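Asks: If it helps, the file is called work23.txt and holds compact mmCIF, C-alpha atoms:
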# COMPACT_ATOMS: atom_id res chain seq x y z
CA MET Y 1 -54.72 82.56 40.06
CA GLU Y 2 -52.29 79.64 39.73
CA GLN Y 3 -49.77 80.08 36.94
CA ARG Y 4 -50.39 77.69 34.06
CA ARG Y 5 -47.61 75.14 33.57
CA ILE Y 6 -46.80 73.68 30.15
CA LEU Y 7 -44.31 70.95 29.30
CA PHE Y 8 -42.98 70.33 25.80
CA VAL Y 9 -41.59 66.80 25.29
CA ILE Y 10 -39.27 65.89 22.43
CA ASP Y 11 -37.28 62.74 21.62
CA GLU Y 12 -33.94 64.54 21.49
CA ILE Y 13 -32.55 67.93 20.60
CA TRP Y 14 -28.97 68.79 19.78
CA SER Y 15 -29.50 72.47 19.09
CA THR Y 16 -32.43 74.83 18.61
CA SER Y 17 -31.07 75.49 15.11
CA SER Y 18 -30.54 71.86 14.03
CA GLY Y 19 -33.94 71.43 12.37
CA GLY Y 20 -37.35 72.91 11.71
CA THR Y 21 -39.08 71.22 14.66
CA GLU Y 22 -36.31 72.31 16.99
CA ARG Y 23 -36.69 75.90 15.84
CA GLN Y 24 -40.46 75.67 16.27
CA LEU Y 25 -40.03 74.23 19.77
CA ALA Y 26 -37.84 77.17 20.78
CA GLN Y 27 -40.47 79.51 19.36
CA MET Y 28 -43.28 77.80 21.28
CA VAL Y 29 -41.37 78.01 24.56
CA LYS Y 30 -40.90 81.71 23.97
CA LEU Y 31 -44.56 82.27 23.12
CA ALA Y 32 -45.81 80.27 26.11
CA THR Y 33 -43.59 82.26 28.47
CA LYS Y 34 -44.71 85.52 26.89
CA ASN Y 35 -48.34 84.53 27.50
CA GLY Y 36 -47.82 83.88 31.20
CA TYR Y 37 -47.17 80.13 31.19
CA HIS Y 38 -44.34 78.51 33.12
CA ALA Y 39 -42.69 76.49 30.34
CA GLU Y 40 -40.32 73.55 30.64
CA VAL Y 41 -38.93 71.00 28.19
CA ALA Y 42 -38.37 67.26 28.68
CA VAL Y 43 -35.96 65.36 26.43
CA LEU Y 44 -36.40 61.60 26.21
CA ARG Y 45 -32.72 60.94 25.52
CA ASN Y 46 -29.34 62.50 24.80
CA PRO Y 47 -29.79 65.86 26.53
CA VAL Y 48 -27.36 68.58 25.51
CA ILE Y 49 -26.41 71.09 28.20
CA GLU Y 50 -26.20 74.03 25.79
CA VAL Y 51 -29.83 73.55 24.74
CA GLU Y 52 -31.13 74.69 28.13
CA LYS Y 53 -29.46 78.06 27.62
CA GLN Y 54 -30.70 78.27 24.04
CA LEU Y 55 -34.30 77.54 25.07
CA GLY Y 56 -34.20 79.78 28.13
CA CYS Y 57 -36.06 77.28 30.31
CA THR Y 58 -35.46 74.19 32.42
CA VAL Y 59 -34.73 71.02 30.42
CA HIS Y 60 -35.48 67.67 32.10
CA ASP Y 61 -33.56 64.51 31.11
CA CYS Y 62 -35.92 61.49 30.95
CA GLY Y 63 -33.04 59.05 30.45
CA LEU Y 64 -35.12 57.00 28.02
CA SER Y 65 -32.66 55.61 25.50
CA LYS Y 66 -34.69 52.52 24.54
CA ILE Y 67 -38.46 52.29 24.95
CA PHE Y 68 -39.11 48.56 24.71
CA SER Y 69 -36.70 47.34 27.37
CA MET Y 70 -36.52 46.87 31.13
CA SER Y 71 -34.48 50.05 31.51
CA GLY Y 72 -37.01 51.85 29.32
CA THR Y 73 -39.88 50.69 31.52
CA LEU Y 74 -38.07 51.96 34.64
CA SER Y 75 -37.35 55.30 32.94
CA MET Y 76 -41.01 55.66 31.96
CA PHE Y 77 -42.07 54.96 35.55
CA ARG Y 78 -39.67 57.62 36.83
CA PHE Y 79 -40.98 60.06 34.21
CA TRP Y 80 -44.58 59.30 35.27
CA ARG Y 81 -43.70 59.97 38.89
CA TRP Y 82 -41.94 63.24 37.98
CA LEU Y 83 -44.92 64.37 35.87
CA HIS Y 84 -47.31 63.55 38.71
CA GLN Y 85 -45.26 65.67 41.10
CA ARG Y 86 -44.85 68.62 38.74
CA ARG Y 87 -48.58 68.94 38.01
CA PHE Y 88 -48.43 70.43 34.53
CA HIS Y 89 -51.63 71.75 33.01
CA VAL Y 90 -50.61 71.07 29.39
CA VAL Y 91 -48.19 68.58 27.86
CA ARG Y 92 -47.34 68.81 24.17
CA THR Y 93 -45.27 66.18 22.37
CA PHE Y 94 -42.93 66.29 19.37
CA PHE Y 95 -41.28 63.55 17.31
CA VAL Y 96 -41.97 59.84 17.01
CA ASP Y 97 -41.30 58.34 20.44
CA ALA Y 98 -42.69 61.25 22.44
CA ASN Y 99 -45.92 61.12 20.43
CA LEU Y 100 -46.13 57.37 21.04
CA ILE Y 101 -45.51 57.00 24.77
CA VAL Y 102 -46.00 60.37 26.45
CA PRO Y 103 -49.79 60.76 25.98
CA VAL Y 104 -50.35 57.55 27.95
CA ILE Y 105 -47.88 58.49 30.71
CA ALA Y 106 -49.13 62.08 30.95
CA ARG Y 107 -52.80 61.15 31.28
CA LEU Y 108 -51.99 58.52 33.91
CA ALA Y 109 -50.05 61.25 35.73
CA GLY Y 110 -53.17 63.41 35.80
CA VAL Y 111 -52.25 66.01 33.16
CA PRO Y 112 -55.58 67.51 32.00
CA VAL Y 113 -54.56 68.50 28.45
CA VAL Y 114 -52.24 66.34 26.34
CA ILE Y 115 -51.57 67.43 22.77
CA GLY Y 116 -49.78 65.33 20.17
CA SER Y 117 -48.01 67.05 17.28
CA ARG Y 118 -47.77 65.76 13.73
CA ARG Y 119 -45.28 67.51 11.49
CA ASN Y 120 -44.80 65.05 8.61
CA THR Y 121 -46.87 62.71 6.45
CA ASN Y 122 -45.95 59.49 8.32
CA SER Y 123 -44.24 58.08 5.23
CA TRP Y 124 -42.01 56.01 7.55
CA MET Y 125 -44.83 54.49 9.65
CA SER Y 126 -45.22 50.70 9.66
CA ASN Y 127 -48.52 48.93 10.33
CA ARG Y 128 -47.29 47.88 13.79
CA ARG Y 129 -46.24 51.38 14.68
CA GLY Y 130 -49.51 52.73 13.36
CA ALA Y 131 -51.47 50.37 15.60
CA LEU Y 132 -49.45 51.42 18.66
CA GLN Y 133 -49.95 55.07 17.79
CA ARG Y 134 -53.71 54.58 17.42
CA PHE Y 135 -53.81 53.20 20.96
CA SER Y 136 -51.73 56.10 22.29
CA ASN Y 137 -54.01 58.60 20.53
CA LEU Y 138 -56.87 57.45 22.76
CA PHE Y 139 -55.07 59.22 25.62
CA ALA Y 140 -54.39 62.46 23.73
CA THR Y 141 -56.81 65.35 24.17
CA ARG Y 142 -56.15 66.60 20.65
CA ILE Y 143 -53.68 66.15 17.81
CA VAL Y 144 -52.25 69.20 16.05
CA ALA Y 145 -51.16 68.85 12.42
CA ASN Y 146 -49.13 71.65 10.91
CA CYS Y 147 -50.93 71.55 7.55
CA THR Y 148 -53.88 69.95 5.80
CA GLN Y 149 -51.73 67.38 3.99
CA VAL Y 150 -50.34 66.16 7.31
CA LYS Y 151 -53.85 65.94 8.78
CA GLN Y 152 -54.97 63.77 5.88
CA ALA Y 153 -51.91 61.53 6.35
CA VAL Y 154 -52.69 61.08 10.07
CA ILE Y 155 -56.29 60.15 9.26
CA ARG Y 156 -55.03 57.61 6.72
CA THR Y 157 -52.09 56.04 8.59
CA GLU Y 158 -53.27 56.30 12.20
CA LYS Y 159 -57.00 55.86 11.52
CA SER Y 160 -57.62 58.89 13.70
CA PRO Y 161 -60.97 60.66 13.43
CA ALA Y 162 -60.76 63.93 11.56
CA ALA Y 163 -62.68 65.70 14.34
CA LYS Y 164 -59.82 65.07 16.78
CA ILE Y 165 -57.17 66.67 14.57
CA ASP Y 166 -56.69 70.42 14.36
CA VAL Y 167 -54.60 72.25 11.76
CA ILE Y 168 -52.41 75.04 13.09
CA TYR Y 169 -49.79 76.27 10.67
CA ASN Y 170 -46.24 76.95 11.77
CA GLY Y 171 -45.63 80.62 12.37
CA ILE Y 172 -42.56 82.69 11.73
CA ASP Y 173 -41.08 85.75 13.39
CA LEU Y 174 -40.53 88.03 10.41
CA LEU Y 175 -38.25 90.56 12.11
CA PRO Y 176 -34.98 88.56 11.97
CA PHE Y 177 -35.35 88.19 8.22
CA GLU Y 178 -35.42 91.90 7.45
CA SER Y 179 -32.38 93.04 5.51
CA VAL Y 180 -29.38 94.07 7.60
CA THR Y 181 -26.71 96.33 6.09
CA GLY Y 182 -23.54 94.39 5.35
CA ARG Y 183 -24.89 90.97 6.38
CA ARG Y 184 -25.10 89.58 2.86
CA GLN Y 185 -21.50 90.58 2.16
CA ARG Y 186 -20.29 89.20 5.51
CA VAL Y 187 -21.77 85.74 4.92
CA ARG Y 188 -20.48 85.60 1.37
CA LYS Y 189 -17.02 86.59 2.55
CA LYS Y 190 -17.18 83.75 5.08
CA LEU Y 191 -18.01 81.32 2.27
CA GLY Y 192 -15.32 82.82 0.04
CA ILE Y 193 -17.59 83.86 -2.82
CA ARG Y 194 -17.93 87.15 -4.71
CA ASP Y 195 -20.63 89.70 -3.90
CA ASP Y 196 -21.96 89.52 -7.47
CA ALA Y 197 -22.07 85.71 -7.73
CA ILE Y 198 -25.49 84.04 -7.98
CA LEU Y 199 -25.86 81.85 -4.89
CA ILE Y 200 -28.39 78.99 -4.82
CA GLY Y 201 -29.04 77.87 -1.24
CA ASN Y 202 -30.67 74.99 0.57
CA LEU Y 203 -31.46 75.04 4.31
CA SER Y 204 -31.85 71.38 5.37
CA ARG Y 205 -30.53 68.63 7.58
CA LEU Y 206 -28.12 66.45 5.64
CA ASP Y 207 -30.42 63.41 5.91
CA LYS Y 208 -31.73 61.15 3.14
CA ILE Y 209 -35.29 62.34 3.69
CA LYS Y 210 -34.21 65.90 2.83
CA GLY Y 211 -33.06 64.93 -0.66
CA VAL Y 212 -29.94 67.09 -0.67
CA ASP Y 213 -28.40 64.59 -3.09
CA THR Y 214 -31.02 65.69 -5.63
CA PHE Y 215 -29.85 69.27 -5.10
CA VAL Y 216 -26.23 68.22 -5.71
CA LYS Y 217 -27.18 66.38 -8.92
CA ALA Y 218 -29.11 69.44 -10.13
CA ALA Y 219 -26.18 71.70 -9.25
CA ALA Y 220 -23.89 69.55 -11.41
CA LEU Y 221 -26.19 70.05 -14.42
CA VAL Y 222 -26.48 73.80 -13.84
CA HIS Y 223 -22.70 74.07 -13.41
CA ARG Y 224 -22.13 72.73 -16.93
CA GLU Y 225 -24.12 75.60 -18.44
CA LEU Y 226 -23.48 78.31 -15.84
CA PRO Y 227 -20.11 77.62 -14.17
CA SER Y 228 -20.13 80.90 -12.23
CA VAL Y 229 -23.22 79.92 -10.18
CA VAL Y 230 -22.45 78.89 -6.59
CA PHE Y 231 -24.35 76.47 -4.33
CA VAL Y 232 -24.61 75.95 -0.57
CA ALA Y 233 -26.49 73.51 1.68
CA VAL Y 234 -26.65 74.79 5.26
CA GLY Y 235 -27.15 72.01 7.79
CA GLU Y 236 -25.59 68.89 9.24
CA GLY Y 237 -26.37 65.18 9.29
CA GLY Y 238 -25.40 61.64 8.46
CA GLU Y 239 -25.32 62.22 4.70
CA ARG Y 240 -22.39 64.66 4.87
CA GLN Y 241 -19.69 62.22 3.76
CA ARG Y 242 -21.70 60.88 0.84
CA LEU Y 243 -22.61 64.39 -0.27
CA GLU Y 244 -18.99 65.49 -0.06
CA GLN Y 245 -18.04 62.59 -2.32
CA MET Y 246 -20.81 63.49 -4.76
CA ILE Y 247 -19.70 67.12 -4.84
CA ALA Y 248 -16.07 66.16 -5.49
CA SER Y 249 -16.90 63.61 -8.21
CA SER Y 250 -19.23 66.09 -9.95
CA GLY Y 251 -16.51 68.71 -10.31
CA LEU Y 252 -18.24 71.05 -7.85
CA ALA Y 253 -15.50 71.25 -5.23
CA SER Y 254 -15.03 75.00 -5.70
CA SER Y 255 -18.71 75.76 -6.34
CA PHE Y 256 -20.67 73.83 -3.69
CA PHE Y 257 -20.29 74.47 0.05
CA LEU Y 258 -21.41 72.52 3.13
CA PRO Y 259 -20.78 74.91 6.04
CA GLY Y 260 -22.67 72.78 8.61
CA ASN Y 261 -25.23 74.01 11.13
CA SER Y 262 -25.48 77.71 11.77
CA THR Y 263 -27.33 79.89 14.24
CA ASP Y 264 -27.15 82.67 11.62
CA VAL Y 265 -29.99 81.33 9.46
CA ALA Y 266 -31.20 84.81 8.52
CA GLY Y 267 -27.68 85.79 7.48
CA TYR Y 268 -27.34 82.87 5.13
CA LEU Y 269 -30.77 83.50 3.64
CA GLU Y 270 -29.86 87.12 2.94
CA ALA Y 271 -26.81 85.82 1.08
CA PHE Y 272 -28.96 83.54 -1.14
CA ASP Y 273 -30.35 84.63 -4.50
CA VAL Y 274 -32.55 81.55 -4.99
CA ALA Y 275 -33.70 79.08 -2.31
CA VAL Y 276 -34.24 75.36 -2.87
CA LEU Y 277 -35.91 72.66 -0.81
CA SER Y 278 -35.44 69.26 -2.43
CA SER Y 279 -36.99 67.05 0.27
CA ASN Y 280 -38.32 63.57 -0.46
CA ALA Y 281 -40.99 64.07 2.22
CA GLU Y 282 -42.13 67.03 4.29
CA GLY Y 283 -44.79 68.20 6.68
CA PHE Y 284 -45.04 71.97 6.66
CA SER Y 285 -41.53 73.17 6.05
CA ASN Y 286 -40.05 75.79 8.35
CA SER Y 287 -37.29 76.31 5.81
CA ILE Y 288 -39.85 77.40 3.21
CA LEU Y 289 -41.42 79.86 5.67
CA GLU Y 290 -37.97 81.27 6.36
CA TYR Y 291 -37.24 81.53 2.63
CA MET Y 292 -40.52 83.41 2.17
CA ALA Y 293 -39.89 85.71 5.13
CA ALA Y 294 -36.51 86.55 3.61
CA GLY Y 295 -38.18 87.42 0.29
CA LEU Y 296 -36.50 84.64 -1.66
CA PRO Y 297 -37.70 83.07 -4.90
CA THR Y 298 -38.18 79.42 -3.96
CA ILE Y 299 -38.10 76.09 -5.77
CA ALA Y 300 -39.43 73.13 -3.77
CA THR Y 301 -40.44 69.54 -4.30
CA ASP Y 302 -44.19 69.00 -4.43
CA VAL Y 303 -44.53 67.05 -1.17
CA GLY Y 304 -46.42 67.51 2.08
CA GLY Y 305 -47.52 71.06 2.73
CA ASN Y 306 -45.01 72.74 0.42
CA SER Y 307 -47.75 73.79 -2.00
CA GLU Y 308 -49.88 75.04 0.93
CA ALA Y 309 -47.01 77.20 2.12
CA LEU Y 310 -45.94 78.64 -1.22
CA GLY Y 311 -49.34 79.10 -2.85
CA ASN Y 312 -48.61 80.79 -6.19
CA CYS Y 313 -45.40 82.37 -4.89
CA GLY Y 314 -42.91 79.65 -5.78
CA VAL Y 315 -42.01 76.83 -8.16
CA LEU Y 316 -42.77 73.14 -7.51
CA VAL Y 317 -40.97 70.14 -9.04
CA ARG Y 318 -41.38 66.38 -8.72
CA VAL Y 319 -39.56 64.55 -5.94
CA GLY Y 320 -36.15 63.28 -7.00
CA ASP Y 321 -36.29 64.93 -10.43
CA HIS Y 322 -32.89 66.62 -10.49
CA GLU Y 323 -33.23 67.47 -14.17
CA ALA Y 324 -36.45 69.43 -13.57
CA LEU Y 325 -34.84 71.11 -10.56
CA ALA Y 326 -31.80 72.09 -12.64
CA LYS Y 327 -34.07 73.47 -15.36
CA GLU Y 328 -35.97 75.66 -12.89
CA ILE Y 329 -32.76 76.88 -11.21
CA THR Y 330 -31.32 77.83 -14.59
CA ALA Y 331 -34.52 79.65 -15.56
CA LEU Y 332 -34.46 81.76 -12.39
CA VAL Y 333 -30.74 82.48 -12.63
CA GLU Y 334 -31.30 83.86 -16.11
CA ASP Y 335 -34.44 85.87 -15.21
CA GLU Y 336 -33.67 88.46 -12.53
CA PRO Y 337 -37.08 90.25 -12.82
CA ARG Y 338 -38.91 86.98 -12.18
CA ARG Y 339 -36.68 86.27 -9.17
CA ARG Y 340 -37.59 89.68 -7.77
CA LEU Y 341 -41.34 89.26 -8.37
CA LEU Y 342 -41.46 85.79 -6.82
CA GLY Y 343 -39.46 86.99 -3.82
CA GLU Y 344 -41.73 89.98 -3.23
CA ALA Y 345 -44.86 87.83 -3.52
CA ALA Y 346 -43.44 85.25 -1.11
CA LYS Y 347 -42.59 87.88 1.48
CA LYS Y 348 -46.07 89.39 1.27
CA ARG Y 349 -47.66 85.95 1.69
CA ALA Y 350 -45.50 85.24 4.76
CA GLN Y 351 -46.59 88.54 6.29
CA GLN Y 352 -50.27 87.93 5.61
CA GLU Y 353 -50.57 84.22 6.40
CA PHE Y 354 -47.77 83.06 8.68
CA ASP Y 355 -46.72 86.00 10.88
CA ILE Y 356 -46.01 84.64 14.36
CA SER Y 357 -48.14 87.31 16.01
CA GLY Y 358 -51.26 85.75 14.49
CA ILE Y 359 -50.17 82.19 15.35
CA GLU Y 360 -49.41 83.34 18.90
CA VAL Y 361 -53.01 84.43 19.44
CA GLU Y 362 -54.29 81.21 17.87
CA LEU Y 363 -52.14 79.02 20.14
CA ARG Y 364 -53.00 80.97 23.30
CA ASN Y 365 -56.72 80.68 22.59
CA TYR Y 366 -56.30 77.02 21.70
CA TYR Y 367 -54.63 76.08 25.00
CA GLU Y 368 -57.10 78.11 27.03
CA ARG Y 369 -60.10 76.59 25.25
CA LEU Y 370 -58.87 73.05 25.87
CA LEU Y 371 -58.16 73.81 29.54
CA ALA Y 372 -61.60 75.35 29.96
CA GLU Y 373 -63.21 72.27 28.43
CA THR Y 374 -61.45 69.97 30.91
CA THR Y 375 -62.85 71.88 33.89
CA LYS Y 376 -66.48 71.71 32.77
Is it possible to give me this structure as structure tokens?
Replies:
Amino acid sequence: MEQRRILFVIDEIWSTSSGGTERQLAQMVKLATKNGYHAEVAVLRNPVIEVEKQLGCTVHDCGLSKIFSMSGTLSMFRFWRWLHQRRFHVVRTFFVDANLIVPVIARLAGVPVVIGSRRNTNSWMSNRRGALQRFSNLFATRIVANCTQVKQAVIRTEKSPAAKIDVIYNGIDLLPFESVTGRRQRVRKKLGIRDDAILIGNLSRLDKIKGVDTFVKAAALVHRELPSVVFVAVGEGGERQRLEQMIASSGLASSFFLPGNSTDVAGYLEAFDVAVLSSNAEGFSNSILEYMAAGLPTIATDVGGNSEALGNCGVLVRVGDHEALAKEITALVEDEPRRRLLGEAAKKRAQQEFDISGIEVELRNYYERLLAETTK
């Protein structure tokens, strides 16, 4: 029997640890390979050599820096020709531009199953972009949303029929988040904080959409009442300079750290006492799943699928409400038994609902069902 070939297409990727979608992509490549597929990745623009080693598969450079241009048209033609030659059985797309152009190119190249991915609530989508996406969706076999809230947003903004959209939650490999002797102390030593300090952590890109500025404002309020509490935002992005200025002007220079991206996500989470996600918009947050897998009490903004992920195992606050966020942080800092109970409940929920082993079976059956339907 011919080995199934699957191609994952993403706009760009700087590192498999630079964001939630990037981490999910690496996970999907691993799962596809484990299930007997030959997996490859195509990057529309800005390929990074190190990513190929991180993903453990071939990464193809599409050279598509600008879609609506003569050079973009030529790059799309070359990509079509390459796809036609490679004869993939499944193509799955991630991010804005890949979701927009690749379904059309892939179907014209003869790919039998083309799956679009939706991982946010399309809060950025203009009417023009929505119309273009609706046309592209005609070429997609199915669209996968990573939570119910995202599915509803796609129905609303893209006018896609509900019957064409499937909800498959992100999964998480729980094993890396088990406690490791000495890891908590090692990470804290790296940050330069005491073992007994209360550390409030945020795992996010430093982008406006992630609302890390709200976290900084909340930290400033908490610091006035509880000056021994320490804060960290693990990630990188265009907001770094502004956040550094906010931290300095708020008197948090010795209490708030921005260590940048890290491949040691589990290590940082083990060093946290409370986890925060202060996003202005979300799909189904990988950071929250990682917080839960690590057994952390979590405070998150009530956007996207955050409530779907946490259930009754976390605390929700309004978007941009730094005062409410500060109040909830203070309450958890001062209530160690509640922190423990919330963390235990979150870990149990992650094990029962989002364990990657269950998602692996769901994805394998999903791909095989769609392929079987195309051969009828």
Asks: What is the CA of Val232 in chain Y to CA of Gly311 in chain Y distance in Å?
Replies: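 CA of Val232 in chain Y sits 25.0 Å away from CA of Gly311 in chain Y.
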Asks: Quick check, in Å to one decimal: how far apart do CA of Asp196 in chain Y and CA of Val333 in chain Y lie?
Replies: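 Answer for the CA of Asp196 in chain Y to CA of Val333 in chain Y separation: 12.4 Å.
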Asks: Up to 10 Å from (-42.3, 65.1, 21.6) in the file's coordinates: name the residues, counting all atoms listed in the file, as a PyMOL selection string.
Replies: chain Y and resi 7-12+21+25+41-44+91-103+115-118
Asks: Between Y:Ser15, Y:Ile6, Y:Met125, Y:Val144, which is the closest to Ser262 in chain Y once you count all atoms listed in the file?
Replies: Y:Ser15
Asks: Between Y:Pro47, Y:Gly20, Y:Gly304, Y:Gly343, which has the minimum distance to Ile172 in chain Y (counting all atoms listed in the file)?
Replies: Y:Gly20
Asks: Considering all atoms listed in the file, can you say which of Y:Met70, Y:Ser250, Y:Ala32, Y:Met292 comes closest to Gly56 in chain Y?
Replies: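 Of Y:Met70, Y:Ser250, Y:Ala32, Y:Met292, the one nearest Gly56 in chain Y is Y:Ala32, counting all atoms listed in the file.
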Asks: From the list Y:Ala248, Y:Asn122, Y:Pro227, Y:Phe135, which residue is nearest Ile209 in chain Y when using only C-alpha atoms?
Replies: Y:Asn122
Asks: May I have a table of the residues of range 154-269 of chain Y lying at most 12 Å from range 352-374 of chain Y, giving each one's closest pair of atoms and their distance in Å to one decimal, counting all atoms listed in the file, ordered by chain and ascending residue number, as a tab-separated table?
Replies:
residue	atom	partner	partner_atom	distance
Y:Asp166	CA	Y:Tyr366	CA	9.9
Y:Val167	CA	Y:Glu362	CA	10.8
Y:Ile168	CA	Y:Ile359	CA	7.8
Y:Tyr169	CA	Y:Phe354	CA	7.4
Y:Asn170	CA	Y:Phe354	CA	7.0
Y:Gly171	CA	Y:Ile356	CA	4.5
Y:Ile172	CA	Y:Ile356	CA	4.8
Y:Asp173	CA	Y:Ile356	CA	5.1
Y:Leu174	CA	Y:Asp355	CA	6.5
Y:Leu175	CA	Y:Asp355	CA	9.7
Y:Pro176	CA	Y:Ile356	CA	11.9
Y:Phe177	CA	Y:Asp355	CA	11.9
Asks: Using C-alpha atoms, can you write the selected residues to a file as an mmCIF file, in the coordinates of the input?
Replies:
data_model
loop_
_atom_site.group_PDB
_atom_site.id
_atom_site.type_symbol
_atom_site.label_atom_id
_atom_site.label_comp_id
_atom_site.auth_asym_id
_atom_site.auth_seq_id
_atom_site.Cartn_x
_atom_site.Cartn_y
_atom_site.Cartn_z
ATOM 1 C CA ASP Y 166 -56.690 70.420 14.360
ATOM 2 C CA VAL Y 167 -54.600 72.250 11.760
ATOM 3 C CA ILE Y 168 -52.410 75.040 13.090
ATOM 4 C CA TYR Y 169 -49.790 76.270 10.670
ATOM 5 C CA ASN Y 170 -46.240 76.950 11.770
ATOM 6 C CA GLY Y 171 -45.630 80.620 12.370
ATOM 7 C CA ILE Y 172 -42.560 82.690 11.730
ATOM 8 C CA ASP Y 173 -41.080 85.750 13.390
ATOM 9 C CA LEU Y 174 -40.530 88.030 10.410
ATOM 10 C CA LEU Y 175 -38.250 90.560 12.110
ATOM 11 C CA PRO Y 176 -34.980 88.560 11.970
ATOM 12 C CA PHE Y 177 -35.350 88.190 8.220
#
Asks: I'd like the neighbourhood of range 265-271 of chain Y as number ranges by chain, where a residue qualifies if any of its atoms comes within 7 Å (using all atoms listed in the file), though same-chain residues fewer than 6 positions away should be ignored.
Replies: Y: 176-177, 179, 183-184, 187-188, 291, 294
Asks: Closest to Ser307 in chain Y among Y:Leu277, Y:Val48, Y:Ala145, Y:Leu138, using all atoms listed in the file?
Replies: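 Going through Y:Leu277, Y:Val48, Y:Ala145, Y:Leu138 one by one, the smallest distance to Ser307 in chain Y is for Y:Leu277.
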Asks: Hey, can you check how far CA of His223 in chain Y sits from CA of Lys208 in chain Y?
Replies: 22.9 Å
Asks: For Arg339 in chain Y, list every protein, DNA or RNA residue within 8 Å, evaluated using all atoms listed in the file, and leave out those in the same chain fewer than 3 positions away; present the list as an MDAnalysis selection string.
Replies: chainID Y and resid 274 296:297 332:333 335:336 342:343
